[in-house]
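Read through the structure below, which is laid out as structure tokens, and then see the notes.
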Amino acid sequence: MKPLGDMRRHFWMVQKMARAQGLDLAGAMARGDLDQAEWAGIVKRCQSCDGAAHCARLLAGDGPGELPGYCCNREPFRILLADQVMGESA
């Protein structure tokens with residue numbers, strides 16, 4: 001089993017990647033779309049990802065236009081972004 005990456009580093013990478021997608025994770029939590037355990041799961045998936053170094057390079061530049069294909073958090077981010085859009089239009 002691969003050792004997990006540094007939790008703080010990945011917490012901030014998740015935050016930056018979410019922002020690059022237009023996703024507000026703190027807002028999702030405030031709306032009740034994301035709970036603490038789910039947020040921790042998102043960070044843990046990032047910690048265990050083999051592509052973290054590539055994501056760090058993407059985030060150091062202009063940011064990704066979309067999530068990389070290998071991203072373990074594509075589906076949770078997609079769902080949260082849809083929930084966010086629905087909340088904004090309500």
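Ligands are numbered from 1 in the order shown, chains are lettered A, B, ... in the order of the structure tokens, and residues start at 1 in each chain.
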### Query
Could you pull the residues within 12 Å of A:Glu66, counting only C-alpha atoms, minus those fewer than 3 positions along the same chain, as a ChimeraX atom specification?
/A:17-23,55,58-59,62-63,69-71,73-74,77-78
Resulting file, chosen residues, N, CA and C atoms, as a PDB file, in the first residue's frame:
```
ATOM      1  N   MET A  17      -7.898  23.077  -6.191  1.00  0.00           N
ATOM      2  CA  MET A  17      -8.479  22.395  -7.342  1.00  0.00           C
ATOM      3  C   MET A  17      -9.981  22.673  -7.409  1.00  0.00           C
ATOM      4  N   ALA A  18     -10.637  22.665  -6.259  1.00  0.00           N
ATOM      5  CA  ALA A  18     -12.073  22.971  -6.231  1.00  0.00           C
ATOM      6  C   ALA A  18     -12.313  24.396  -6.728  1.00  0.00           C
ATOM      7  N   ARG A  19     -11.543  25.347  -6.218  1.00  0.00           N
ATOM      8  CA  ARG A  19     -11.695  26.745  -6.639  1.00  0.00           C
ATOM      9  C   ARG A  19     -11.464  26.897  -8.135  1.00  0.00           C
ATOM     10  N   ALA A  20     -10.479  26.163  -8.663  1.00  0.00           N
ATOM     11  CA  ALA A  20     -10.189  26.225 -10.095  1.00  0.00           C
ATOM     12  C   ALA A  20     -11.380  25.737 -10.921  1.00  0.00           C
ATOM     13  N   GLN A  21     -12.217  24.904 -10.319  1.00  0.00           N
ATOM     14  CA  GLN A  21     -13.413  24.395 -10.999  1.00  0.00           C
ATOM     15  C   GLN A  21     -14.645  25.255 -10.716  1.00  0.00           C
ATOM     16  N   GLY A  22     -14.471  26.283  -9.886  1.00  0.00           N
ATOM     17  CA  GLY A  22     -15.595  27.129  -9.506  1.00  0.00           C
ATOM     18  C   GLY A  22     -16.406  26.557  -8.360  1.00  0.00           C
ATOM     19  N   LEU A  23     -15.832  25.592  -7.657  1.00  0.00           N
ATOM     20  CA  LEU A  23     -16.525  24.913  -6.567  1.00  0.00           C
ATOM     21  C   LEU A  23     -16.096  25.493  -5.227  1.00  0.00           C
ATOM     22  N   CYS A  55      -0.833  17.383 -10.332  1.00  0.00           N
ATOM     23  CA  CYS A  55      -1.822  18.382  -9.913  1.00  0.00           C
ATOM     24  C   CYS A  55      -1.133  19.611  -9.331  1.00  0.00           C
ATOM     25  N   LEU A  58      -0.024  21.664 -12.154  1.00  0.00           N
ATOM     26  CA  LEU A  58      -1.171  22.333 -12.784  1.00  0.00           C
ATOM     27  C   LEU A  58      -1.603  23.547 -11.968  1.00  0.00           C
ATOM     28  N   LEU A  59      -1.686  23.361 -10.668  1.00  0.00           N
ATOM     29  CA  LEU A  59      -2.153  24.429  -9.793  1.00  0.00           C
ATOM     30  C   LEU A  59      -1.138  25.558  -9.666  1.00  0.00           C
ATOM     31  N   ASP A  62      -1.638  28.269 -14.419  1.00  0.00           N
ATOM     32  CA  ASP A  62      -2.936  28.942 -14.518  1.00  0.00           C
ATOM     33  C   ASP A  62      -4.070  28.116 -13.930  1.00  0.00           C
ATOM     34  N   GLY A  63      -3.768  26.900 -13.522  1.00  0.00           N
ATOM     35  CA  GLY A  63      -4.808  26.010 -13.006  1.00  0.00           C
ATOM     36  C   GLY A  63      -5.399  25.194 -14.135  1.00  0.00           C
ATOM     37  N   GLY A  69      -8.128  13.656 -15.882  1.00  0.00           N
ATOM     38  CA  GLY A  69      -8.871  12.408 -16.039  1.00  0.00           C
ATOM     39  C   GLY A  69      -8.623  11.396 -14.946  1.00  0.00           C
ATOM     40  N   TYR A  70      -7.453  11.433 -14.345  1.00  0.00           N
ATOM     41  CA  TYR A  70      -7.100  10.456 -13.308  1.00  0.00           C
ATOM     42  C   TYR A  70      -7.601  10.866 -11.920  1.00  0.00           C
ATOM     43  N   CYS A  71      -8.185  12.050 -11.795  1.00  0.00           N
ATOM     44  CA  CYS A  71      -8.552  12.579 -10.474  1.00  0.00           C
ATOM     45  C   CYS A  71      -9.565  11.678  -9.776  1.00  0.00           C
ATOM     46  N   ASN A  73     -11.292  12.498  -7.353  1.00  0.00           N
ATOM     47  CA  ASN A  73     -12.389  13.319  -6.836  1.00  0.00           C
ATOM     48  C   ASN A  73     -13.271  13.904  -7.933  1.00  0.00           C
ATOM     49  N   ARG A  74     -13.135  13.402  -9.147  1.00  0.00           N
ATOM     50  CA  ARG A  74     -13.958  13.912 -10.257  1.00  0.00           C
ATOM     51  C   ARG A  74     -15.449  13.810  -9.944  1.00  0.00           C
ATOM     52  N   PHE A  77     -16.665  16.031  -6.931  1.00  0.00           N
ATOM     53  CA  PHE A  77     -16.638  17.432  -7.347  1.00  0.00           C
ATOM     54  C   PHE A  77     -17.782  17.715  -8.321  1.00  0.00           C
ATOM     55  N   ARG A  78     -18.043  16.797  -9.248  1.00  0.00           N
ATOM     56  CA  ARG A  78     -19.120  16.982 -10.223  1.00  0.00           C
ATOM     57  C   ARG A  78     -20.464  17.125  -9.497  1.00  0.00           C
TER      58      ARG A  78
END
```
#### Entry: Residue nearest A:Gly5 among A:Asp35, A:Val43, A:Ile79, A:Gly65 (counting only C-alpha atoms)
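That would be A:Val43, the residue with the smallest distance to A:Gly5.
With only C-alpha atoms as the basis for measurement, A:Ile42 is the residue among A:Gln36, A:Glu88, A:Leu80, A:Ile42 that approaches A:Met13 most closely.
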### Message
I need the residues in chain A that are helix (DSSP H, G or I) according to DSSP; give them as a ChimeraX atom specification.
### Response
/A:7-20,25-31,36-48,52-60,74-89
If we count only C-alpha atoms and set the cut-off at 12 Å, which residues sit around A:Asp83, ignoring sequence neighbours fewer than 5 positions away in its own chain? Please answer as a compact mmCIF listing (two decimals) with N, CA and C atoms, in the first residue's frame.
```txt
# COMPACT_ATOMS: atom_id res chain seq x y z
N LEU A 23 -15.83 25.59 -7.66
CA LEU A 23 -16.52 24.91 -6.57
C LEU A 23 -16.10 25.49 -5.23
N ASP A 24 -17.07 25.85 -4.42
CA ASP A 24 -16.84 26.40 -3.08
C ASP A 24 -17.13 25.30 -2.06
N LEU A 25 -16.08 24.64 -1.57
CA LEU A 25 -16.26 23.53 -0.63
C LEU A 25 -16.81 24.01 0.71
N GLY A 27 -18.73 26.55 1.15
CA GLY A 27 -20.14 26.83 0.87
C GLY A 27 -20.96 25.55 0.81
N ALA A 28 -20.38 24.50 0.21
CA ALA A 28 -21.07 23.20 0.14
C ALA A 28 -21.32 22.66 1.54
N MET A 29 -20.34 22.86 2.41
CA MET A 29 -20.50 22.40 3.78
C MET A 29 -21.58 23.23 4.49
N ARG A 31 -24.11 24.70 3.15
CA ARG A 31 -25.43 24.35 2.60
C ARG A 31 -25.88 22.96 3.03
N GLY A 32 -24.97 22.18 3.58
CA GLY A 32 -25.31 20.81 3.97
C GLY A 32 -25.10 19.80 2.85
N ASP A 33 -24.47 20.24 1.75
CA ASP A 33 -24.20 19.33 0.63
C ASP A 33 -22.97 18.48 0.88
N LEU A 34 -22.16 18.87 1.85
CA LEU A 34 -20.90 18.19 2.16
C LEU A 34 -20.74 18.17 3.67
N PRO A 76 -17.17 13.23 -6.93
CA PRO A 76 -17.67 14.08 -5.85
C PRO A 76 -17.69 15.57 -6.22
N PHE A 77 -16.67 16.03 -6.93
CA PHE A 77 -16.64 17.43 -7.35
C PHE A 77 -17.78 17.71 -8.32
N ARG A 78 -18.04 16.80 -9.25
CA ARG A 78 -19.12 16.98 -10.22
C ARG A 78 -20.46 17.13 -9.50
N GLU A 88 -27.62 28.01 -6.30
CA GLU A 88 -27.51 29.39 -6.76
C GLU A 88 -28.73 29.81 -7.57
N SER A 89 -29.34 28.85 -8.26
CA SER A 89 -30.48 29.19 -9.11
C SER A 89 -31.81 29.13 -8.35
N ALA A 90 -31.75 28.65 -7.12
CA ALA A 90 -33.00 28.54 -6.34
C ALA A 90 -33.37 29.86 -5.68
```
### Query
Which one of A:Lys2, A:Cys72, A:Leu81, A:Phe11 sits closest to A:Arg45 if you count only C-alpha atoms?
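Of A:Lys2, A:Cys72, A:Leu81, A:Phe11, the one nearest A:Arg45, counting only C-alpha atoms, is A:Cys72.
For the residues A:Ala26, A:Ala82, A:Leu4, A:Ala37, ranking by smallest atom-to-atom distance to A:Cys49 using only C-alpha atoms places A:Leu4 first.
Our summary of the geometry notes that atom CA of A:His10 is positioned 8.2 Å from atom CA of A:Ala52.
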### Task
Identify which of the residues A:Asp6, A:Gln47, A:Lys16, A:Ala30 lies closest to A:Gln84, counting only C-alpha atoms when measuring atom-to-atom distances.
A:Ala30
### Message
Given only C-alpha atoms as the basis, pick out the residue of A:Val14, A:Met86, A:Ala60, A:Leu67 nearest to A:Cys46.
### Response
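Among the listed residues, the smallest separation from A:Cys46 belongs to A:Val14.
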